[in-house]
>>> print(open('start.txt').read())   # compact mmCIF, C-alpha atoms and all ligand atoms
# COMPACT_ATOMS: atom_id res chain seq x y z
CA MET C 1 24.09 -10.08 -25.73
CA THR C 2 21.86 -12.62 -23.97
CA ARG C 3 19.05 -11.52 -21.65
CA ARG C 4 20.99 -12.82 -18.63
CA GLU C 5 24.09 -10.83 -19.59
CA GLN C 6 21.96 -7.74 -20.13
CA ILE C 7 20.48 -8.03 -16.61
CA LYS C 8 23.88 -8.64 -15.05
CA ASN C 9 25.29 -5.57 -16.84
CA ALA C 10 22.43 -3.38 -15.70
CA TYR C 11 23.01 -4.30 -12.08
CA LYS C 12 26.79 -3.99 -12.44
CA LEU C 13 26.13 -0.35 -13.26
CA THR C 14 23.84 0.39 -10.29
CA GLY C 15 26.11 -1.68 -8.01
CA GLY C 16 28.99 0.59 -9.01
CA HIS C 17 26.91 3.66 -8.18
CA ALA C 18 25.24 2.39 -5.04
CA GLY C 19 24.40 5.95 -3.98
CA PHE C 20 22.08 6.29 -6.97
CA TYR C 21 20.39 2.92 -6.47
CA ASP C 22 20.11 3.28 -2.68
CA GLY C 23 18.69 6.77 -3.03
CA MET C 24 16.11 5.65 -5.58
CA MET C 25 15.01 2.71 -3.41
CA THR C 26 14.71 4.82 -0.27
CA TYR C 27 13.22 7.86 -2.05
CA SER C 28 16.05 10.05 -0.81
CA THR C 29 17.40 11.35 -4.13
CA ILE C 30 15.72 13.24 -6.98
CA PRO C 31 14.94 10.14 -9.14
CA GLY C 32 13.15 8.56 -6.19
CA LYS C 33 11.43 11.58 -4.67
CA ALA C 34 7.65 11.73 -4.61
CA SER C 35 5.62 14.86 -4.06
CA GLY C 36 1.92 15.67 -4.33
CA LYS C 37 -0.89 14.29 -2.18
CA LEU C 38 -0.59 10.78 -0.82
CA LEU C 39 -3.21 8.83 1.11
CA GLU C 40 -2.22 5.72 3.02
CA VAL C 41 -5.07 3.48 4.17
CA PRO C 42 -4.80 1.61 6.48
CA VAL C 43 -1.66 3.00 8.10
CA GLY C 44 -1.73 0.62 11.08
CA THR C 45 1.33 1.21 13.26
CA GLY C 46 3.21 2.79 10.35
CA VAL C 47 6.05 0.31 10.71
CA LEU C 48 6.58 0.00 6.95
CA THR C 49 5.94 3.55 5.84
CA MET C 50 7.13 6.03 8.47
CA PRO C 51 10.83 5.49 7.58
CA VAL C 52 9.92 6.15 3.92
CA TYR C 53 7.88 9.27 4.72
CA ARG C 54 10.88 10.75 6.48
CA GLU C 55 12.44 10.95 3.00
CA LEU C 56 9.42 12.68 1.41
CA PRO C 57 9.46 16.23 2.81
CA ASP C 58 7.67 17.61 -0.28
CA ALA C 59 4.70 15.26 -0.15
CA ASP C 60 1.39 16.07 1.53
CA ILE C 61 0.70 12.84 3.43
CA THR C 62 -2.60 11.70 4.96
CA CYS C 63 -2.84 8.46 6.94
CA LEU C 64 -6.14 6.85 7.91
CA ASP C 65 -7.03 3.80 9.99
CA TYR C 66 -10.09 2.45 11.75
CA SER C 67 -8.12 1.59 14.89
CA GLU C 68 -7.02 4.49 17.05
CA ASN C 69 -4.73 2.12 18.98
CA MET C 70 -2.80 1.05 15.88
CA MET C 71 -2.59 4.61 14.62
CA ALA C 72 -1.35 5.98 17.95
CA SER C 73 1.80 3.93 17.40
CA ALA C 74 2.23 5.38 13.87
CA GLN C 75 1.76 8.91 15.25
CA GLU C 76 4.40 8.25 17.88
CA LYS C 77 6.86 7.05 15.21
CA ALA C 78 6.19 10.10 13.02
CA LYS C 79 6.77 12.39 16.00
CA THR C 80 10.00 10.65 17.00
CA ILE C 81 11.36 10.76 13.45
CA GLY C 82 10.27 14.38 13.06
CA ILE C 83 7.84 14.05 10.14
CA ARG C 84 5.79 17.25 9.93
CA ASN C 85 4.02 16.95 6.56
CA ILE C 86 1.61 14.27 7.76
CA THR C 87 -2.00 14.15 9.01
CA PHE C 88 -3.61 11.23 10.85
CA LEU C 89 -7.34 10.54 10.73
CA GLN C 90 -9.45 7.85 12.32
CA GLY C 91 -11.99 6.58 9.78
CA ASP C 92 -13.43 3.84 7.62
CA VAL C 93 -11.98 3.04 4.20
CA GLY C 94 -15.55 2.34 3.08
CA ALA C 95 -16.59 5.96 3.69
CA LEU C 96 -13.52 8.13 3.15
CA PRO C 97 -13.94 11.71 4.37
CA PHE C 98 -12.37 13.26 1.26
CA GLU C 99 -13.53 14.98 -1.92
CA ASP C 100 -13.56 13.07 -5.21
CA GLU C 101 -10.22 13.04 -7.07
CA SER C 102 -8.16 14.60 -4.29
CA PHE C 103 -5.05 12.35 -4.12
CA ASP C 104 -2.18 11.65 -6.51
CA ILE C 105 -1.33 8.34 -4.83
CA VAL C 106 -3.41 5.96 -2.71
CA LEU C 107 -1.29 3.36 -0.93
CA SER C 108 -2.84 0.33 0.76
CA LEU C 109 -0.57 -2.21 2.45
CA ASN C 110 -2.05 -5.33 4.05
CA GLY C 111 -5.51 -3.81 4.31
CA PHE C 112 -7.98 -5.35 1.87
CA HIS C 113 -7.86 -8.79 3.52
CA ALA C 114 -8.97 -7.07 6.75
CA PHE C 115 -11.62 -4.68 5.42
CA PRO C 116 -15.17 -5.87 6.07
CA ASP C 117 -16.79 -4.26 2.99
CA LYS C 118 -14.34 -4.81 0.16
CA ASP C 119 -16.58 -3.38 -2.59
CA ALA C 120 -16.89 -0.12 -0.66
CA ALA C 121 -13.11 -0.05 -0.09
CA TYR C 122 -12.35 -0.48 -3.83
CA ARG C 123 -15.02 2.10 -4.70
CA GLU C 124 -13.79 4.70 -2.20
CA THR C 125 -10.06 4.36 -2.94
CA PHE C 126 -10.92 4.79 -6.64
CA ARG C 127 -13.19 7.77 -6.01
CA VAL C 128 -10.63 9.82 -4.06
CA LEU C 129 -7.83 9.22 -6.59
CA LYS C 130 -7.16 11.83 -9.30
CA PRO C 131 -7.39 10.76 -12.95
CA GLY C 132 -3.89 9.51 -13.85
CA GLY C 133 -3.20 8.83 -10.16
CA THR C 134 -1.63 5.66 -8.77
CA PHE C 135 -3.29 3.07 -6.57
CA CYS C 136 -0.76 0.59 -5.22
CA GLY C 137 -0.08 -1.81 -2.39
CA CYS C 138 -0.43 -5.43 -1.40
CA PHE C 139 -2.58 -7.84 0.61
CA TYR C 140 -3.27 -11.51 1.18
CA VAL C 141 -4.62 -13.40 -1.81
CA ARG C 142 -6.07 -16.90 -1.39
CA GLY C 143 -4.53 -19.85 -3.20
CA GLY C 144 -0.94 -18.60 -3.56
CA CYS C 145 0.46 -20.50 -0.57
CA LYS C 146 -1.29 -23.45 1.14
CA ARG C 147 0.44 -22.86 4.51
CA THR C 148 -0.60 -19.19 4.58
CA ASP C 149 -4.18 -20.18 3.63
CA TRP C 150 -4.23 -22.60 6.56
CA PHE C 151 -2.94 -20.08 9.11
CA ILE C 152 -5.41 -17.46 7.99
CA ARG C 153 -8.41 -19.78 8.08
CA HIS C 154 -7.52 -21.30 11.47
CA LEU C 155 -5.84 -18.47 13.36
CA TYR C 156 -6.15 -14.97 11.97
CA GLN C 157 -9.71 -15.12 10.68
CA PRO C 158 -11.27 -16.43 13.93
CA LYS C 159 -9.44 -13.65 15.83
CA GLY C 160 -10.81 -10.98 13.49
CA PHE C 161 -7.53 -9.92 11.85
CA PHE C 162 -8.66 -11.21 8.44
CA THR C 163 -12.17 -10.98 6.98
CA PRO C 164 -13.42 -13.08 4.06
CA PRO C 165 -14.20 -13.15 1.19
CA TYR C 166 -10.61 -13.10 -0.10
CA GLU C 167 -9.47 -12.39 -3.62
CA THR C 168 -7.77 -15.03 -5.72
CA GLU C 169 -5.08 -13.95 -8.18
CA GLN C 170 -7.63 -14.14 -11.03
CA SER C 171 -10.38 -12.26 -9.23
CA LEU C 172 -7.93 -9.52 -8.20
CA ARG C 173 -6.64 -9.09 -11.75
CA ARG C 174 -10.21 -8.99 -13.08
CA ARG C 175 -11.38 -6.49 -10.49
CA LEU C 176 -8.47 -4.06 -10.88
CA SER C 177 -8.44 -4.11 -14.67
CA LYS C 178 -12.18 -3.42 -14.73
CA LEU C 179 -11.71 -0.30 -12.60
CA TYR C 180 -8.33 1.07 -13.74
CA LYS C 181 -6.82 2.05 -17.09
CA GLU C 182 -3.68 0.08 -16.26
CA ALA C 183 -3.39 -2.63 -13.62
CA GLU C 184 -0.33 -4.72 -12.83
CA VAL C 185 -0.51 -7.59 -10.35
CA THR C 186 2.47 -9.59 -9.11
CA MET C 187 2.10 -12.56 -6.80
CA VAL C 188 4.64 -13.28 -4.06
CA GLU C 189 3.35 -16.58 -2.64
CA GLY C 190 0.14 -15.63 -0.81
CA MET C 191 0.62 -11.91 -1.29
CA GLY C 192 -0.86 -9.98 -4.22
CA CYS C 193 1.10 -6.83 -5.05
CA PHE C 194 -0.56 -4.32 -7.35
CA CYS C 195 0.11 -1.03 -9.09
CA CYS C 196 -2.72 0.65 -11.03
CA ARG C 197 -3.16 3.86 -12.99
CA LYS C 198 -6.60 5.54 -12.95
C1 LIG H 1 -2.68 -5.81 9.11
S1 LIG H 1 -2.94 -4.12 9.52
C2 LIG H 1 -1.98 -3.34 8.26
C3 LIG H 1 -1.38 -2.05 8.70
C4 LIG H 1 -0.23 -1.49 7.87
N1 LIG H 1 -0.65 -1.04 6.56
C5 LIG H 1 0.90 -2.49 7.75
O1 LIG H 1 1.12 -3.05 6.66
O2 LIG H 1 1.59 -2.72 8.75
C6 LIG H 1 -4.61 -3.89 9.03
C7 LIG H 1 -5.20 -2.55 9.47
O3 LIG H 1 -6.47 -2.37 8.83
C8 LIG H 1 -7.25 -1.56 9.69
N2 LIG H 1 -8.66 -1.62 9.27
C9 LIG H 1 -9.49 -2.67 9.35
N3 LIG H 1 -10.71 -2.34 8.86
C10 LIG H 1 -10.63 -1.04 8.46
C11 LIG H 1 -11.54 -0.13 7.86
N4 LIG H 1 -12.80 -0.47 7.58
N5 LIG H 1 -11.10 1.12 7.56
C12 LIG H 1 -9.83 1.49 7.84
N6 LIG H 1 -8.92 0.67 8.41
C13 LIG H 1 -9.31 -0.57 8.71
C14 LIG H 1 -6.96 -2.15 11.06
O4 LIG H 1 -7.31 -1.26 12.09
C15 LIG H 1 -5.45 -2.43 10.97
O5 LIG H 1 -4.71 -1.35 11.49
>>> encode(input="start.txt", output="structure tokens", more="lines below")
Ligand SMILES: C[S@@+](CC[C@H](N)C(=O)[O-])C[C@H]1O[C@@H](n2cnc3c(N)ncnc32)[C@H](O)[C@@H]1O
Amino acid sequence: MTRREQIKNAYKLTGGHAGFYDGMMTYSTIPGKASGKLLEVPVGTGVLTMPVYRELPDADITCLDYSENMMASAQEKAKTIGIRNITFLQGDVGALPFEDESFDIVLSLNGFHAFPDKDAAYRETFRVLKPGGTFCGCFYVRGGCKRTDWFIRHLYQPKGFFTPPYETEQSLRRRLSKLYKEAEVTMVEGMGCFCCRK
């Protein structure tokens, strides 16, 4: 069987059992369920994660952000959806108010391009993660998409949404594999997506 046929067959199977695939992707069935302690930093308005957290009743979730205004919107969403296993904290990723090795998962979506002290952010997210724990997320990486680079330099950076220096794909790979036992990086145009094991 060719590689293409193999891939098509695999998806034929999950397509036929959409309940299994859908449940896994939305964390609503046993193969997709996560438990343990999860830290999300920065949570922002929670637009991407609150719908997912609704499906994780067994997890102990902590969300942190520097901006109380952004986080107020995430808190509102959590309340409306009825998520109870969640704590919100205002704070700085560069000085996390947690013990060493206290989380199973640290999730960081669209944060590192905004953080002012990136070394401190990498150091702190590593420190609070348990050995064997997962650090994953995504953020803007320079050089993957010229149009994105232009918008960031001319619009978002002057307004304070983005803060240089930015990683390149190579520098991100180097940095994560120096810190973590395993580090996977996937580029989607100007976005670096990563999943690391401590
Ligand atoms: C682009 S938003 C991303 C929010 C969310 N993760 C998302 O993907 O929608 C960036 C967030 O980083 C937060 N932030 C910036 N500097 C921070 C810091 N030093 N510590 C914690 N959060 C910070 C901002 O307040 C903002 O909410």
>>> closest_residue(input="start.txt", among="C:Val43, C:Val93, C:Val141, C:Leu56", to="Leu109 of chain C", atoms="only C-alpha atoms")
C:Val43
>>> atom_distance(input="start.txt", atom1="atom N3 of ligand LIG 1 (chain H)", atom2="atom CA of Pro57 of chain C")
28.1 Å
>>> residues_near_ligand(input="start.txt", ligand="ligand LIG 1 (chain H)", cutoff="7 Å", atoms="only C-alpha atoms and all ligand atoms", output="list in words")
Val41, Pro42, Val43, Gly44, Thr45, Gly46, Val47, Leu48, Leu64, Asp65, Tyr66, Ser67, Met70, Gly91, Asp92, Val93, Gly94, Ser108, Leu109, Asn110, Gly111, Ala114, Phe115, Pro116 and Phe161 of chain C
>>> closest_residue(input="start.txt", among="C:Leu155, C:Cys63, C:Cys145, C:Ala183", to="Thr168 of chain C", atoms="only C-alpha atoms")
C:Cys145
>>> closest_atom_pairs(input="start.txt", of="segment 61-141 of chain C", to="segment 170-176 of chain C", cutoff="10 Å", atoms="all atoms listed in the file", output="CSV")
residue,atom,partner,partner_atom,distance
C:Asp119,CA,C:Arg175,CA,10.0
C:Tyr122,CA,C:Leu176,CA,8.8
C:Phe135,CA,C:Leu176,CA,9.8
C:Val141,CA,C:Leu172,CA,8.2
>>> atom_distance(input="start.txt", atom1="atom CA of Leu39 of chain C", atom2="atom CA of Met187 of chain C")
23.4 Å
>>> atom_distance(input="start.txt", atom1="atom CA of Gly160 of chain C", atom2="atom CA of Ala121 of chain C")
17.6 Å
>>> axis_aligned_box(input="start.txt", around="segment 132-148 of chain C", padding_each_side="5 Å", output="JSON")
{"center_x": -2.8, "center_y": -7.0, "center_z": -4.6, "size_x": 16.5, "size_y": 43.0, "size_z": 28.4}
>>> closest_residue(input="start.txt", among="C:Lys178, C:Arg153, C:Lys37, C:His113", to="Glu101 of chain C", atoms="all atoms listed in the file")
C:Lys37
>>> closest_residue(input="start.txt", among="C:Lys79, C:Leu107, C:Phe194, C:Arg123", to="Ala95 of chain C", atoms="only C-alpha atoms")
C:Arg123
>>> closest_residue(input="start.txt", among="C:Ile81, C:Val188, C:Ile61, C:Cys138", to="Phe112 of chain C", atoms="all atoms listed in the file")
C:Cys138
>>> closest_residue(input="start.txt", among="C:Asp149, C:Glu68, C:Glu167, C:Glu99", to="Phe126 of chain C", atoms="all atoms listed in the file")
C:Glu99
>>> residues_near_point(input="start.txt", point="(0.1, 16.7, -5.6)", cutoff="8 Å", atoms="only C-alpha atoms", output="PyMOL selection string")
chain C and resi 35-38+59-60+103-104
>>> build_atoms(input="start.txt", residues="segment 161-197 of chain C", atoms="N, CA and C atoms", output="tab-separated table (two decimals), in the frame of the given file")
chain	number	residue	atom	x	y	z
C	161	PHE	N	-8.55	-10.68	12.58
C	161	PHE	CA	-7.53	-9.92	11.85
C	161	PHE	C	-7.79	-9.94	10.34
C	162	PHE	N	-8.36	-11.05	9.87
C	162	PHE	CA	-8.66	-11.21	8.44
C	162	PHE	C	-10.16	-11.42	8.29
C	163	THR	N	-10.72	-10.88	7.20
C	163	THR	CA	-12.17	-10.98	6.98
C	163	THR	C	-12.46	-11.46	5.56
C	164	PRO	N	-13.09	-12.63	5.41
C	164	PRO	CA	-13.42	-13.08	4.06
C	164	PRO	C	-14.57	-12.23	3.49
C	165	PRO	N	-14.84	-12.29	2.18
C	165	PRO	CA	-14.20	-13.15	1.19
C	165	PRO	C	-12.85	-12.59	0.74
C	166	TYR	N	-11.94	-13.50	0.37
C	166	TYR	CA	-10.61	-13.10	-0.10
C	166	TYR	C	-10.54	-13.19	-1.62
C	167	GLU	N	-9.71	-12.32	-2.18
C	167	GLU	CA	-9.47	-12.39	-3.62
C	167	GLU	C	-8.63	-13.62	-3.94
C	168	THR	N	-8.77	-14.12	-5.16
C	168	THR	CA	-7.77	-15.03	-5.72
C	168	THR	C	-6.96	-14.18	-6.70
C	169	GLU	N	-5.87	-14.72	-7.22
C	169	GLU	CA	-5.08	-13.95	-8.18
C	169	GLU	C	-5.96	-13.51	-9.36
C	170	GLN	N	-6.79	-14.45	-9.87
C	170	GLN	CA	-7.63	-14.14	-11.03
C	170	GLN	C	-8.67	-13.08	-10.71
C	171	SER	N	-9.31	-13.22	-9.55
C	171	SER	CA	-10.38	-12.26	-9.23
C	171	SER	C	-9.78	-10.87	-8.99
C	172	LEU	N	-8.56	-10.82	-8.43
C	172	LEU	CA	-7.93	-9.52	-8.20
C	172	LEU	C	-7.57	-8.85	-9.53
C	173	ARG	N	-6.99	-9.64	-10.43
C	173	ARG	CA	-6.64	-9.09	-11.75
C	173	ARG	C	-7.88	-8.56	-12.46
C	174	ARG	N	-8.97	-9.36	-12.41
C	174	ARG	CA	-10.21	-8.99	-13.08
C	174	ARG	C	-10.77	-7.69	-12.49
C	175	ARG	N	-10.79	-7.64	-11.17
C	175	ARG	CA	-11.38	-6.49	-10.49
C	175	ARG	C	-10.61	-5.20	-10.78
C	176	LEU	N	-9.28	-5.27	-10.69
C	176	LEU	CA	-8.47	-4.06	-10.88
C	176	LEU	C	-8.49	-3.61	-12.34
C	177	SER	N	-8.47	-4.57	-13.28
C	177	SER	CA	-8.44	-4.11	-14.67
C	177	SER	C	-9.80	-3.61	-15.14
C	178	LYS	N	-10.86	-3.98	-14.43
C	178	LYS	CA	-12.18	-3.42	-14.73
C	178	LYS	C	-12.25	-1.95	-14.31
C	179	LEU	N	-11.63	-1.65	-13.16
C	179	LEU	CA	-11.71	-0.30	-12.60
C	179	LEU	C	-10.69	0.66	-13.20
C	180	TYR	N	-9.45	0.18	-13.40
C	180	TYR	CA	-8.33	1.07	-13.74
C	180	TYR	C	-7.90	0.94	-15.20
C	181	LYS	N	-7.32	2.04	-15.71
C	181	LYS	CA	-6.82	2.05	-17.09
C	181	LYS	C	-5.69	1.05	-17.25
C	182	GLU	N	-4.78	1.05	-16.26
C	182	GLU	CA	-3.68	0.08	-16.26
C	182	GLU	C	-3.67	-0.60	-14.91
C	183	ALA	N	-3.45	-1.91	-14.90
C	183	ALA	CA	-3.39	-2.63	-13.62
C	183	ALA	C	-2.37	-3.75	-13.72
C	184	GLU	N	-1.36	-3.68	-12.87
C	184	GLU	CA	-0.33	-4.72	-12.83
C	184	GLU	C	-0.45	-5.47	-11.51
C	185	VAL	N	-0.45	-6.80	-11.58
C	185	VAL	CA	-0.51	-7.59	-10.35
C	185	VAL	C	0.66	-8.57	-10.37
C	186	THR	N	1.38	-8.63	-9.25
C	186	THR	CA	2.47	-9.59	-9.11
C	186	THR	C	2.20	-10.40	-7.86
C	187	MET	N	2.32	-11.71	-7.97
C	187	MET	CA	2.10	-12.56	-6.80
C	187	MET	C	3.43	-12.91	-6.14
C	188	VAL	N	3.50	-12.79	-4.83
C	188	VAL	CA	4.64	-13.28	-4.06
C	188	VAL	C	4.06	-14.27	-3.05
C	189	GLU	N	4.04	-15.54	-3.42
C	189	GLU	CA	3.35	-16.58	-2.64
C	189	GLU	C	1.91	-16.15	-2.37
C	190	GLY	N	1.53	-15.99	-1.10
C	190	GLY	CA	0.14	-15.63	-0.81
C	190	GLY	C	-0.15	-14.14	-0.80
C	191	MET	N	0.79	-13.36	-1.32
C	191	MET	CA	0.62	-11.91	-1.29
C	191	MET	C	0.42	-11.38	-2.71
C	192	GLY	N	-0.64	-10.62	-2.92
C	192	GLY	CA	-0.86	-9.98	-4.22
C	192	GLY	C	-0.37	-8.55	-4.14
C	193	CYS	N	0.57	-8.20	-5.03
C	193	CYS	CA	1.10	-6.83	-5.05
C	193	CYS	C	0.56	-6.17	-6.32
C	194	PHE	N	0.08	-4.95	-6.20
C	194	PHE	CA	-0.56	-4.32	-7.35
C	194	PHE	C	-0.12	-2.87	-7.53
C	195	CYS	N	-0.17	-2.43	-8.77
C	195	CYS	CA	0.11	-1.03	-9.09
C	195	CYS	C	-0.81	-0.66	-10.24
C	196	CYS	N	-1.71	0.31	-10.03
C	196	CYS	CA	-2.72	0.65	-11.03
C	196	CYS	C	-2.68	2.14	-11.35
C	197	ARG	N	-3.06	2.46	-12.58
C	197	ARG	CA	-3.16	3.86	-12.99
C	197	ARG	C	-4.63	4.14	-13.32
